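Everything below belongs to model_26.cif, which stores mmCIF, C-alpha atoms.
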data_work
loop_
_atom_site.group_PDB
_atom_site.id
_atom_site.type_symbol
_atom_site.label_atom_id
_atom_site.label_comp_id
_atom_site.auth_asym_id
_atom_site.auth_seq_id
_atom_site.Cartn_x
_atom_site.Cartn_y
_atom_site.Cartn_z
ATOM 1 C CA MET A 1 -57.544 -26.772 240.049
ATOM 2 C CA ALA A 2 -58.018 -23.376 241.665
ATOM 3 C CA PHE A 3 -60.536 -21.434 243.671
ATOM 4 C CA ALA A 4 -62.204 -18.452 241.953
ATOM 5 C CA LEU A 5 -64.596 -15.823 243.091
ATOM 6 C CA VAL A 6 -68.210 -16.136 242.141
ATOM 7 C CA ASN A 7 -69.204 -14.229 239.022
ATOM 8 C CA PRO A 8 -71.549 -11.354 239.756
ATOM 9 C CA VAL A 9 -73.982 -12.938 237.349
ATOM 10 C CA SER A 10 -74.467 -15.623 239.971
ATOM 11 C CA ALA A 11 -75.799 -13.148 242.475
ATOM 12 C CA LEU A 12 -78.675 -15.506 243.262
ATOM 13 C CA TRP A 13 -76.248 -18.156 244.468
ATOM 14 C CA GLN A 14 -74.268 -15.508 246.264
ATOM 15 C CA ARG A 15 -77.323 -14.566 248.289
ATOM 16 C CA ARG A 16 -77.628 -18.213 249.292
ATOM 17 C CA GLY A 17 -74.172 -18.044 250.871
ATOM 18 C CA LEU A 18 -71.982 -19.352 248.000
ATOM 19 C CA THR A 19 -68.658 -17.416 247.899
ATOM 20 C CA THR A 20 -66.169 -19.542 245.911
ATOM 21 C CA LEU A 21 -66.185 -22.276 243.256
ATOM 22 C CA LEU A 22 -63.608 -24.970 242.489
ATOM 23 C CA MET A 23 -62.543 -24.477 238.839
ATOM 24 C CA PRO A 24 -59.925 -26.036 236.484
ATOM 25 C CA GLU A 25 -56.463 -24.532 236.626
ATOM 26 C CA GLY A 26 -56.210 -21.311 234.527
ATOM 27 C CA TYR A 27 -59.949 -20.695 234.518
ATOM 28 C CA ASP A 28 -60.988 -17.019 234.656
ATOM 29 C CA ALA A 29 -64.392 -16.572 236.117
ATOM 30 C CA PHE A 30 -64.576 -12.922 234.851
ATOM 31 C CA ALA A 31 -63.544 -13.662 231.254
ATOM 32 C CA ALA A 32 -65.919 -13.411 228.318
ATOM 33 C CA PRO A 33 -67.827 -16.513 227.367
ATOM 34 C CA GLN A 34 -65.768 -17.167 224.141
ATOM 35 C CA GLN A 35 -62.444 -16.789 225.953
ATOM 36 C CA GLU A 36 -63.817 -19.066 228.656
ATOM 37 C CA ALA A 37 -64.662 -21.811 226.136
ATOM 38 C CA SER A 38 -61.282 -21.589 224.374
ATOM 39 C CA ARG A 39 -59.415 -21.764 227.667
ATOM 40 C CA ALA A 40 -61.446 -24.767 228.739
ATOM 41 C CA ALA A 41 -60.612 -26.534 225.461
ATOM 42 C CA SER A 42 -56.925 -25.748 225.811
ATOM 43 C CA ALA A 43 -57.000 -27.013 229.385
ATOM 44 C CA ASN A 44 -58.592 -30.259 228.236
ATOM 45 C CA ALA A 45 -56.035 -30.688 225.461
ATOM 46 C CA HIS A 46 -53.218 -30.081 227.906
ATOM 47 C CA GLY A 47 -54.623 -32.659 230.293
ATOM 48 C CA GLN A 48 -54.950 -35.268 227.509
ATOM 49 C CA ALA A 49 -51.347 -34.606 226.419
ATOM 50 C CA ARG A 50 -50.073 -35.186 229.912
ATOM 51 C CA THR A 51 -52.157 -38.352 230.164
ATOM 52 C CA GLY A 52 -50.728 -39.632 226.863
ATOM 53 C CA GLN A 53 -47.203 -38.906 228.048
ATOM 54 C CA HIS A 54 -47.751 -40.830 231.220
ATOM 55 C CA ALA A 55 -49.195 -43.727 229.213
ATOM 56 C CA ARG A 56 -46.146 -43.734 226.917
ATOM 57 C CA GLU A 57 -43.873 -43.726 229.931
ATOM 58 C CA ARG A 58 -45.649 -46.761 231.377
ATOM 59 C CA GLN A 59 -45.957 -48.686 228.108
ATOM 60 C CA PRO A 60 -42.320 -49.861 227.732
ATOM 61 C CA TRP A 61 -42.329 -51.301 231.266
ATOM 62 C CA GLN A 62 -45.568 -53.115 230.751
ATOM 63 C CA GLN A 63 -44.413 -54.570 227.410
ATOM 64 C CA SER A 64 -41.044 -55.613 228.760
ATOM 65 C CA GLY A 65 -42.717 -57.205 231.711
ATOM 66 C CA GLN A 66 -45.023 -59.138 229.439
ATOM 67 C CA GLN A 67 -42.093 -60.325 227.312
ATOM 68 C CA GLN A 68 -40.004 -61.370 230.305
ATOM 69 C CA SER A 69 -42.606 -63.363 232.150
ATOM 70 C CA PRO A 70 -45.415 -64.475 229.895
ATOM 71 C CA ARG A 71 -48.039 -66.395 231.807
ATOM 72 C CA PRO A 72 -50.634 -68.388 229.924
ATOM 73 C CA ALA A 73 -54.111 -67.932 231.154
ATOM 74 C CA SER A 74 -55.175 -70.964 233.175
ATOM 75 C CA PRO A 75 -58.586 -72.330 232.283
ATOM 76 C CA ALA A 76 -61.237 -72.026 234.911
ATOM 77 C CA PRO A 77 -62.021 -75.310 236.675
ATOM 78 C CA SER A 78 -65.033 -77.050 235.288
ATOM 79 C CA ARG A 79 -67.937 -77.235 237.653
ATOM 80 C CA GLU A 80 -70.180 -79.260 235.485
ATOM 81 C CA VAL A 81 -72.094 -81.896 237.415
ATOM 82 C CA PRO A 82 -72.144 -85.288 235.649
ATOM 83 C CA PRO A 83 -75.628 -86.325 234.704
ATOM 84 C CA GLN A 84 -77.156 -88.985 236.904
ATOM 85 C CA ARG A 85 -77.894 -92.304 235.308
ATOM 86 C CA ARG A 86 -81.457 -93.382 235.473
ATOM 87 C CA PRO A 87 -82.592 -96.989 235.242
ATOM 88 C CA HIS A 88 -83.848 -97.879 231.813
ATOM 89 C CA MET A 89 -87.570 -98.313 231.654
ATOM 90 C CA PRO A 90 -89.487 -99.353 228.592
ATOM 91 C CA ALA A 91 -90.969 -96.398 226.772
ATOM 92 C CA GLY A 92 -94.546 -95.942 225.808
ATOM 93 C CA PRO A 93 -97.576 -97.628 227.324
ATOM 94 C CA ASP A 94 -95.505 -100.675 228.338
ATOM 95 C CA THR A 95 -93.893 -98.690 231.184
ATOM 96 C CA ALA A 96 -96.827 -99.063 233.533
ATOM 97 C CA ASN A 97 -97.195 -102.742 232.670
ATOM 98 C CA ALA A 98 -93.493 -103.414 233.276
ATOM 99 C CA ALA A 99 -93.601 -101.666 236.655
ATOM 100 C CA SER A 100 -96.704 -103.581 237.647
ATOM 101 C CA ARG A 101 -95.027 -106.862 236.708
ATOM 102 C CA THR A 102 -91.761 -106.079 238.543
ATOM 103 C CA ALA A 103 -93.315 -105.392 241.946
ATOM 104 C CA PRO A 104 -95.222 -108.712 242.248
ATOM 105 C CA GLN A 105 -92.141 -110.640 241.116
ATOM 106 C CA ALA A 106 -89.976 -108.949 243.766
ATOM 107 C CA GLU A 107 -92.531 -109.796 246.449
ATOM 108 C CA ALA A 108 -93.082 -113.337 245.192
ATOM 109 C CA ALA A 109 -89.571 -114.592 246.057
ATOM 110 C CA PRO A 110 -89.663 -113.945 249.846
ATOM 111 C CA ALA A 111 -93.294 -115.033 249.960
ATOM 112 C CA ALA A 112 -92.392 -118.334 248.306
ATOM 113 C CA GLU A 113 -89.549 -118.900 250.768
ATOM 114 C CA GLN A 114 -91.817 -118.196 253.730
ATOM 115 C CA SER A 115 -94.537 -120.484 252.442
ATOM 116 C CA LYS A 116 -91.957 -123.214 251.796
ATOM 117 C CA ALA A 117 -90.554 -122.891 255.315
ATOM 118 C CA ALA A 118 -94.038 -122.962 256.827
ATOM 119 C CA ALA A 119 -95.340 -125.715 254.536
ATOM 120 C CA TRP A 120 -94.802 -128.428 257.157
ATOM 121 C CA LEU A 121 -95.499 -128.384 260.880
ATOM 122 C CA PRO A 122 -95.193 -131.297 263.345
ATOM 123 C CA LEU A 123 -98.394 -133.203 263.990
ATOM 124 C CA PRO A 124 -99.509 -133.512 267.612
ATOM 125 C CA PRO A 125 -99.328 -137.100 268.885
ATOM 126 C CA HIS A 126 -103.075 -137.432 269.457
ATOM 127 C CA VAL A 127 -103.706 -137.396 265.705
ATOM 128 C CA TRP A 128 -101.133 -140.103 264.949
ATOM 129 C CA PRO A 129 -102.136 -143.655 264.113
ATOM 130 C CA GLY A 130 -102.400 -145.926 267.154
ATOM 131 C CA PRO A 131 -99.183 -147.943 266.568
ATOM 132 C CA TRP A 132 -97.113 -144.754 266.320
ATOM 133 C CA GLN A 133 -98.602 -143.350 269.524
ATOM 134 C CA ALA A 134 -97.781 -146.590 271.355
ATOM 135 C CA ARG A 135 -94.228 -146.639 269.992
ATOM 136 C CA LEU A 136 -93.629 -143.026 271.085
ATOM 137 C CA LYS A 137 -94.466 -143.964 274.678
ATOM 138 C CA GLN A 138 -91.859 -146.744 274.548
ATOM 139 C CA THR A 139 -89.069 -144.578 273.046
ATOM 140 C CA ARG A 140 -86.735 -142.409 275.078
ATOM 141 C CA PRO A 141 -85.632 -138.988 273.763
ATOM 142 C CA GLY A 142 -82.131 -138.389 272.446
ATOM 143 C CA PRO A 143 -80.218 -135.821 270.389
ATOM 144 C CA VAL A 144 -79.226 -138.410 267.718
ATOM 145 C CA LEU A 145 -82.022 -140.445 266.130
ATOM 146 C CA TRP A 146 -81.377 -143.578 264.044
ATOM 147 C CA THR A 147 -83.666 -145.303 261.581
ATOM 148 C CA TYR A 148 -83.595 -147.969 258.877
ATOM 149 C CA TRP A 149 -86.343 -149.790 257.038
ATOM 150 C CA ASN A 150 -86.185 -153.023 259.044
ATOM 151 C CA LEU A 151 -86.175 -151.206 262.371
ATOM 152 C CA GLY A 152 -89.986 -151.407 262.561
ATOM 153 C CA PRO A 153 -90.066 -155.196 262.110
ATOM 154 C CA ASP A 154 -87.080 -155.587 264.465
ATOM 155 C CA LEU A 155 -88.942 -153.707 267.213
ATOM 156 C CA CYS A 156 -92.312 -155.378 266.688
ATOM 157 C CA ASP A 157 -91.345 -158.988 265.914
ATOM 158 C CA PRO A 158 -88.463 -160.750 267.684
ATOM 159 C CA GLN A 159 -88.546 -163.489 264.986
ATOM 160 C CA THR A 160 -87.694 -161.118 262.145
ATOM 161 C CA PRO A 161 -84.898 -162.603 259.974
ATOM 162 C CA GLY A 162 -81.532 -160.927 260.531
ATOM 163 C CA ARG A 163 -82.683 -159.105 263.643
ATOM 164 C CA MET A 164 -79.833 -160.311 265.896
ATOM 165 C CA GLU A 165 -77.123 -159.518 263.310
ATOM 166 C CA ARG A 166 -78.399 -155.981 262.891
ATOM 167 C CA ARG A 167 -78.690 -155.530 266.654
ATOM 168 C CA GLN A 168 -75.096 -156.657 267.250
ATOM 169 C CA PHE A 169 -73.796 -154.428 264.449
ATOM 170 C CA LEU A 170 -75.505 -151.348 265.893
ATOM 171 C CA GLN A 171 -74.237 -152.113 269.391
ATOM 172 C CA ARG A 172 -70.693 -152.327 268.020
ATOM 173 C CA LEU A 173 -71.137 -149.017 266.181
ATOM 174 C CA LEU A 174 -72.440 -147.173 269.245
ATOM 175 C CA ASN A 175 -69.637 -148.586 271.411
ATOM 176 C CA ASP A 176 -67.013 -147.405 268.925
ATOM 177 C CA LEU A 177 -68.561 -143.924 268.855
ATOM 178 C CA GLY A 178 -68.181 -143.822 272.633
ATOM 179 C CA HIS A 179 -70.943 -141.334 273.395
ATOM 180 C CA PRO A 180 -72.552 -141.226 276.840
ATOM 181 C CA ALA A 181 -75.804 -143.044 277.586
ATOM 182 C CA GLY A 182 -78.908 -141.218 276.415
ATOM 183 C CA THR A 183 -77.249 -139.782 273.304
ATOM 184 C CA HIS A 184 -78.824 -142.158 270.761
ATOM 185 C CA THR A 185 -82.402 -143.227 270.202
ATOM 186 C CA PHE A 186 -84.128 -145.384 267.575
ATOM 187 C CA TRP A 187 -87.327 -144.381 265.822
ATOM 188 C CA PRO A 188 -88.836 -146.583 263.088
ATOM 189 C CA SER A 189 -89.531 -145.370 259.569
ATOM 190 C CA CYS A 190 -92.421 -147.833 259.199
ATOM 191 C CA LEU A 191 -94.892 -149.560 261.507
ATOM 192 C CA PRO A 192 -97.956 -151.762 261.069
ATOM 193 C CA PRO A 193 -100.994 -149.784 259.888
ATOM 194 C CA ASP A 194 -103.703 -148.820 262.352
ATOM 195 C CA PRO A 195 -106.517 -151.383 262.008
ATOM 196 C CA GLU A 196 -109.095 -148.849 263.241
ATOM 197 C CA ALA A 197 -108.080 -146.087 260.841
ATOM 198 C CA LEU A 198 -109.812 -145.447 257.539
ATOM 199 C CA PRO A 199 -107.848 -146.462 254.437
ATOM 200 C CA PRO A 200 -105.669 -143.542 253.242
ATOM 201 C CA THR A 201 -106.396 -141.778 249.989
ATOM 202 C CA VAL A 202 -102.811 -142.359 248.806
ATOM 203 C CA PRO A 203 -101.473 -145.822 249.683
ATOM 204 C CA PRO A 204 -98.324 -145.487 251.837
ATOM 205 C CA ILE A 205 -95.026 -147.217 251.176
ATOM 206 C CA SER A 206 -95.440 -150.681 252.675
ATOM 207 C CA ASP A 207 -93.601 -153.977 252.844
ATOM 208 C CA ASN A 208 -94.475 -157.149 254.760
ATOM 209 C CA GLY A 209 -97.436 -155.452 256.360
ATOM 210 C CA PHE A 210 -95.501 -152.368 257.530
ATOM 211 C CA ALA A 211 -96.379 -148.903 256.221
ATOM 212 C CA ALA A 212 -94.379 -145.686 256.208
ATOM 213 C CA ASN A 213 -95.717 -142.352 257.404
ATOM 214 C CA ALA A 214 -93.247 -139.523 256.775
ATOM 215 C CA ASP A 215 -95.224 -136.802 258.571
ATOM 216 C CA VAL A 216 -95.569 -138.916 261.698
ATOM 217 C CA PHE A 217 -91.899 -139.911 261.539
ATOM 218 C CA TRP A 218 -90.672 -136.286 261.526
ATOM 219 C CA SER A 219 -93.280 -135.331 264.116
ATOM 220 C CA GLY A 220 -91.870 -138.086 266.302
ATOM 221 C CA ALA A 221 -88.341 -136.773 265.758
ATOM 222 C CA ALA A 222 -89.519 -133.404 267.060
ATOM 223 C CA GLN A 223 -91.202 -135.040 270.066
ATOM 224 C CA LEU A 224 -88.001 -136.948 270.858
ATOM 225 C CA ARG A 225 -86.003 -133.677 270.692
ATOM 226 C CA ALA A 226 -83.601 -135.024 268.090
ATOM 227 C CA ARG A 227 -81.094 -132.588 266.582
ATOM 228 C CA GLY A 228 -79.637 -135.040 264.062
ATOM 229 C CA VAL A 229 -81.143 -137.989 262.188
ATOM 230 C CA VAL A 230 -79.172 -140.931 260.750
ATOM 231 C CA VAL A 231 -81.059 -142.589 257.880
ATOM 232 C CA MET A 232 -79.569 -145.916 256.791
ATOM 233 C CA GLY A 233 -80.493 -147.213 253.347
ATOM 234 C CA SER A 234 -82.477 -145.977 250.343
ATOM 235 C CA ALA A 235 -85.666 -147.711 251.482
ATOM 236 C CA ALA A 236 -85.665 -145.723 254.727
ATOM 237 C CA ALA A 237 -84.795 -142.520 252.823
ATOM 238 C CA ASN A 238 -87.841 -143.004 250.602
ATOM 239 C CA ALA A 239 -90.031 -143.855 253.583
ATOM 240 C CA VAL A 240 -89.228 -140.585 255.381
ATOM 241 C CA ALA A 241 -89.633 -138.568 252.143
ATOM 242 C CA LEU A 242 -86.066 -137.341 251.738
ATOM 243 C CA PRO A 243 -85.206 -135.649 248.416
ATOM 244 C CA GLY A 244 -84.446 -138.079 245.620
ATOM 245 C CA GLY A 245 -80.997 -138.764 244.264
ATOM 246 C CA LEU A 246 -79.173 -138.928 247.602
ATOM 247 C CA ARG A 247 -76.157 -141.228 247.700
ATOM 248 C CA PRO A 248 -74.380 -142.325 250.899
ATOM 249 C CA PRO A 249 -72.550 -140.906 252.653
ATOM 250 C CA GLN A 250 -74.245 -137.507 252.425
ATOM 251 C CA GLN A 251 -75.411 -134.775 254.790
ATOM 252 C CA ILE A 252 -78.431 -132.527 254.213
ATOM 253 C CA ARG A 253 -80.864 -130.443 256.263
ATOM 254 C CA HIS A 254 -84.472 -131.580 256.122
ATOM 255 C CA ARG A 255 -87.462 -130.328 258.105
ATOM 256 C CA GLY A 256 -85.263 -128.487 260.558
ATOM 257 C CA LYS A 257 -82.927 -131.435 261.256
ATOM 258 C CA LEU A 258 -79.435 -132.362 260.166
ATOM 259 C CA VAL A 259 -79.715 -135.641 258.278
ATOM 260 C CA TRP A 260 -76.936 -138.090 257.416
ATOM 261 C CA VAL A 261 -77.685 -140.640 254.727
ATOM 262 C CA LEU A 262 -75.642 -143.846 255.149
ATOM 263 C CA TRP A 263 -75.660 -147.350 253.731
ATOM 264 C CA ASP A 264 -78.259 -149.827 254.872
ATOM 265 C CA VAL A 265 -77.367 -152.024 257.841
ATOM 266 C CA ASP A 266 -77.628 -155.224 255.769
ATOM 267 C CA ASN A 267 -75.296 -153.692 253.182
ATOM 268 C CA LEU A 268 -72.731 -152.792 255.819
ATOM 269 C CA LEU A 269 -72.847 -156.324 257.163
ATOM 270 C CA GLN A 270 -71.810 -157.601 253.734
ATOM 271 C CA PHE A 271 -69.168 -154.912 253.023
ATOM 272 C CA ASP A 272 -67.239 -154.402 256.216
ATOM 273 C CA GLN A 273 -64.600 -152.248 254.454
ATOM 274 C CA ARG A 274 -67.033 -149.307 254.578
ATOM 275 C CA TYR A 275 -67.251 -149.432 258.345
ATOM 276 C CA ALA A 276 -64.051 -147.498 259.114
ATOM 277 C CA SER A 277 -64.875 -144.595 256.800
ATOM 278 C CA MET A 278 -68.449 -144.447 258.099
ATOM 279 C CA LEU A 279 -67.240 -144.407 261.706
ATOM 280 C CA ALA A 280 -64.837 -141.541 261.013
ATOM 281 C CA LEU A 281 -67.588 -139.572 259.255
ATOM 282 C CA LEU A 282 -70.015 -140.031 262.149
ATOM 283 C CA ARG A 283 -67.446 -139.019 264.760
ATOM 284 C CA GLU A 284 -66.763 -135.751 262.959
ATOM 285 C CA ALA A 285 -70.401 -134.998 262.110
ATOM 286 C CA LEU A 286 -71.878 -135.761 265.519
ATOM 287 C CA ARG A 287 -69.181 -133.807 267.309
ATOM 288 C CA HIS A 288 -70.782 -130.535 266.169
ATOM 289 C CA ILE A 289 -74.271 -131.301 267.502
ATOM 290 C CA LEU A 290 -73.142 -132.885 270.770
ATOM 291 C CA ARG A 291 -71.176 -129.911 272.103
#

Transcribe the structure of this file into C-alpha cells.
Amino acid sequence: MAFALVNPVSALWQRRGLTTLLMPEGYDAFAAPQQEASRAASANAHGQARTGQHARERQPWQQSGQQQSPRPASPAPSREVPPQRRPHMPAGPDTANAASRTAPQAEAAPAAEQSKAAAWLPLPPHVWPGPWQARLKQTRPGPVLWTYWNLGPDLCDPQTPGRMERRQFLQRLLNDLGHPAGTHTFWPSCLPPDPEALPPTVPPISDNGFAANADVFWSGAAQLRARGVVVMGSAAANAVALPGGLRPPQQIRHRGKLVWVLWDVDNLLQFDQRYASMLALLREALRHILR
C-alpha cells in the first residue's frame, strides 16, 4: 500500500480538505484509466500468487500434523431429557368414570376405619339394667379384670355348685402371680335380668336365669379402669362378644382393651397340667401393663 496525491479530477474532494488517498502498492493516480485497470489486475494476481505460496508452505505442516496425531471427533454429550411416565388412564369416555370411581374408593377406606373405631362407646351407668348398676357399686377398680361364665352365679348365690373350688383355685392363682393388692378385680359376664326392664328385642345369652350383656360388660370394664381383661372359657368369650374362633391361650385387643383368652376355671380344675404354662403366660403378659 502507498499514499498517492489526489487526482486533479477530484478537485471537489480537494476543496473539502482531502489531500492524499491510500492506494494499493504500484498504483499510479495520474495514469490513464486503461493502464490503471491493467495495473490493478496485475496487483491482484500478484497478491493471489503470494497467498497461494503461503498456503502451499503451510500445507505440508498441517498434513503432517494431522497424520502424526489424528484425533477422532468426540460426540457431543446428549442433553435429551427422558420423557416422564404418566399413569395409565383408560381412554375414551371411561376416563371420567374411572376417576370418579377412584376418588370415593380412596376416601372410603379411612372413613370405614374411623366408623369402625367409633362404632362402640361405653354406656353411662344410669342406663344399665338394675343388677349391673348394683354390682358396679360393690366392685372395686383394678388394672386387671377377670371374668368367667359362672362368676355371676358365684357372686349372687353362695350355694352355687362348685363355687368354693373355683374360689380356692383363683386365690391360688393370684397368690402365685404375686401382684400387690388392688391389682385384680372381678366383673361378671352375666347377671340376673332386670325384672323391671322391658323384654329385649333380641334375647340375650342366658343360662340358669342369668343373662349376658356385652355392652354393659365392656362399659363396666371402662368404669373400673381396667387395662387388661382375662376371659376364662368359651362361654364367657361368647357372652362378652369376642370374635369367634379364639382358642386358649390367645391375646387380642378388643374395644380398647388387651384381652387374654384362657381355659375355663372348671377345665383347669380337671387338667392341672395346664396350670404351669398358664401361670408363665400371665406373668409375662401382665408385666407389660403393670409397669

Non-local contacts of Pro192 in chain A (8 Å; only C-alpha atoms; under 4 positions in same chain excluded) as a list in words: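 Here the answer would be Pro131, Gly209, Phe210 and Ala211 of chain A.
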
Expected file: the selected residues, C-alpha atoms, as a short mmCIF file (atom, residue, chain, number, x, y, z; two decimals), in the coordinates of the input:
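Result went into result.cif, see below:
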data_model
loop_
_atom_site.label_atom_id
_atom_site.label_comp_id
_atom_site.auth_asym_id
_atom_site.auth_seq_id
_atom_site.Cartn_x
_atom_site.Cartn_y
_atom_site.Cartn_z
CA PRO A 131 -99.18 -147.94 266.57
CA GLY A 209 -97.44 -155.45 256.36
CA PHE A 210 -95.50 -152.37 257.53
CA ALA A 211 -96.38 -148.90 256.22
#

Pick from A:Leu155, A:Ile289, A:Val265, A:Val231, whichever lies nearest to Phe169 in chain A using only C-alpha atoms: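 The shortest atom-to-atom distance to Phe169 in chain A comes from A:Val265.
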
Residues matched by the PyMOL selection byres ((chain A and resi 194) around 8) as a ChimeraX atom specification: /A:129-131,192-193,195-197

Nearest-residue call for Gly220 in chain A, choices A:Leu173, A:Met164, A:Leu145, A:Leu262, using all atoms listed in the file: A:Leu145

Separation of CA of Pro161 in chain A from CA of Val144 in chain A in Å: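 These atoms are spaced 26.0 Å apart.
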
Computed interatomic separation between CA of Ala226 in chain A and CA of Phe186 in chain A (Å):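 Value for the CA of Ala226 in chain A-CA of Phe186 in chain A distance: 10.4 Å.
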
Report the residues retrieved by the PyMOL selection byres ((chain A and resi 273-276) around 12) from the displayed file, expressed as an mmCIF file with C-alpha atoms, in the frame of the given file.
data_model
loop_
_atom_site.group_PDB
_atom_site.id
_atom_site.type_symbol
_atom_site.label_atom_id
_atom_site.label_comp_id
_atom_site.auth_asym_id
_atom_site.auth_seq_id
_atom_site.Cartn_x
_atom_site.Cartn_y
_atom_site.Cartn_z
ATOM 1 C CA PHE A 169 -73.796 -154.428 264.449
ATOM 2 C CA LEU A 170 -75.505 -151.348 265.893
ATOM 3 C CA ARG A 172 -70.693 -152.327 268.020
ATOM 4 C CA LEU A 173 -71.137 -149.017 266.181
ATOM 5 C CA ASP A 176 -67.013 -147.405 268.925
ATOM 6 C CA LEU A 177 -68.561 -143.924 268.855
ATOM 7 C CA PRO A 248 -74.380 -142.325 250.899
ATOM 8 C CA PRO A 249 -72.550 -140.906 252.653
ATOM 9 C CA LEU A 262 -75.642 -143.846 255.149
ATOM 10 C CA TRP A 263 -75.660 -147.350 253.731
ATOM 11 C CA ASP A 264 -78.259 -149.827 254.872
ATOM 12 C CA VAL A 265 -77.367 -152.024 257.841
ATOM 13 C CA ASN A 267 -75.296 -153.692 253.182
ATOM 14 C CA LEU A 268 -72.731 -152.792 255.819
ATOM 15 C CA LEU A 269 -72.847 -156.324 257.163
ATOM 16 C CA GLN A 270 -71.810 -157.601 253.734
ATOM 17 C CA PHE A 271 -69.168 -154.912 253.023
ATOM 18 C CA ASP A 272 -67.239 -154.402 256.216
ATOM 19 C CA SER A 277 -64.875 -144.595 256.800
ATOM 20 C CA MET A 278 -68.449 -144.447 258.099
ATOM 21 C CA LEU A 279 -67.240 -144.407 261.706
ATOM 22 C CA ALA A 280 -64.837 -141.541 261.013
ATOM 23 C CA LEU A 281 -67.588 -139.572 259.255
ATOM 24 C CA LEU A 282 -70.015 -140.031 262.149
ATOM 25 C CA ARG A 283 -67.446 -139.019 264.760
#

Kindly resolve the PyMOL selection byres ((chain A and resi 122) around 7) on the present coordinates and return the residues as an mmCIF file with C-alpha atoms, keeping the file's coordinate frame.
data_model
loop_
_atom_site.group_PDB
_atom_site.id
_atom_site.type_symbol
_atom_site.label_atom_id
_atom_site.label_comp_id
_atom_site.auth_asym_id
_atom_site.auth_seq_id
_atom_site.Cartn_x
_atom_site.Cartn_y
_atom_site.Cartn_z
ATOM 1 C CA TRP A 120 -94.802 -128.428 257.157
ATOM 2 C CA LEU A 121 -95.499 -128.384 260.880
ATOM 3 C CA LEU A 123 -98.394 -133.203 263.990
ATOM 4 C CA PRO A 124 -99.509 -133.512 267.612
ATOM 5 C CA TRP A 218 -90.672 -136.286 261.526
ATOM 6 C CA SER A 219 -93.280 -135.331 264.116
#

Coordinates-based distance that separates CA of Arg253 in chain A from CA of Asn150 in chain A (Å, one decimal):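 CA of Asn150 in chain A sits 23.4 Å away from CA of Arg253 in chain A.
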
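The environment of Trp260 in chain A within 8 Å, counting all atoms listed in the file and disregarding residues fewer than 6 places along the same chain, consists of Gly228, Val229, Val230, Val231, Pro249, Gln250, Gln251 and Ile252 of chain A.
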
Atoms to include: C-alpha atoms. Write the selected residues as a PDB file, keeping the file's coordinate frame.
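Dumped to again-v5.pdb:
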ATOM      1  CA  GLY A 228     -79.637-135.040 264.062  1.00  0.00           C
ATOM      2  CA  VAL A 229     -81.143-137.989 262.188  1.00  0.00           C
ATOM      3  CA  VAL A 230     -79.172-140.931 260.750  1.00  0.00           C
ATOM      4  CA  VAL A 231     -81.059-142.589 257.880  1.00  0.00           C
ATOM      5  CA  PRO A 249     -72.550-140.906 252.653  1.00  0.00           C
ATOM      6  CA  GLN A 250     -74.245-137.507 252.425  1.00  0.00           C
ATOM      7  CA  GLN A 251     -75.411-134.775 254.790  1.00  0.00           C
ATOM      8  CA  ILE A 252     -78.431-132.527 254.213  1.00  0.00           C
TER       9      ILE A 252
END
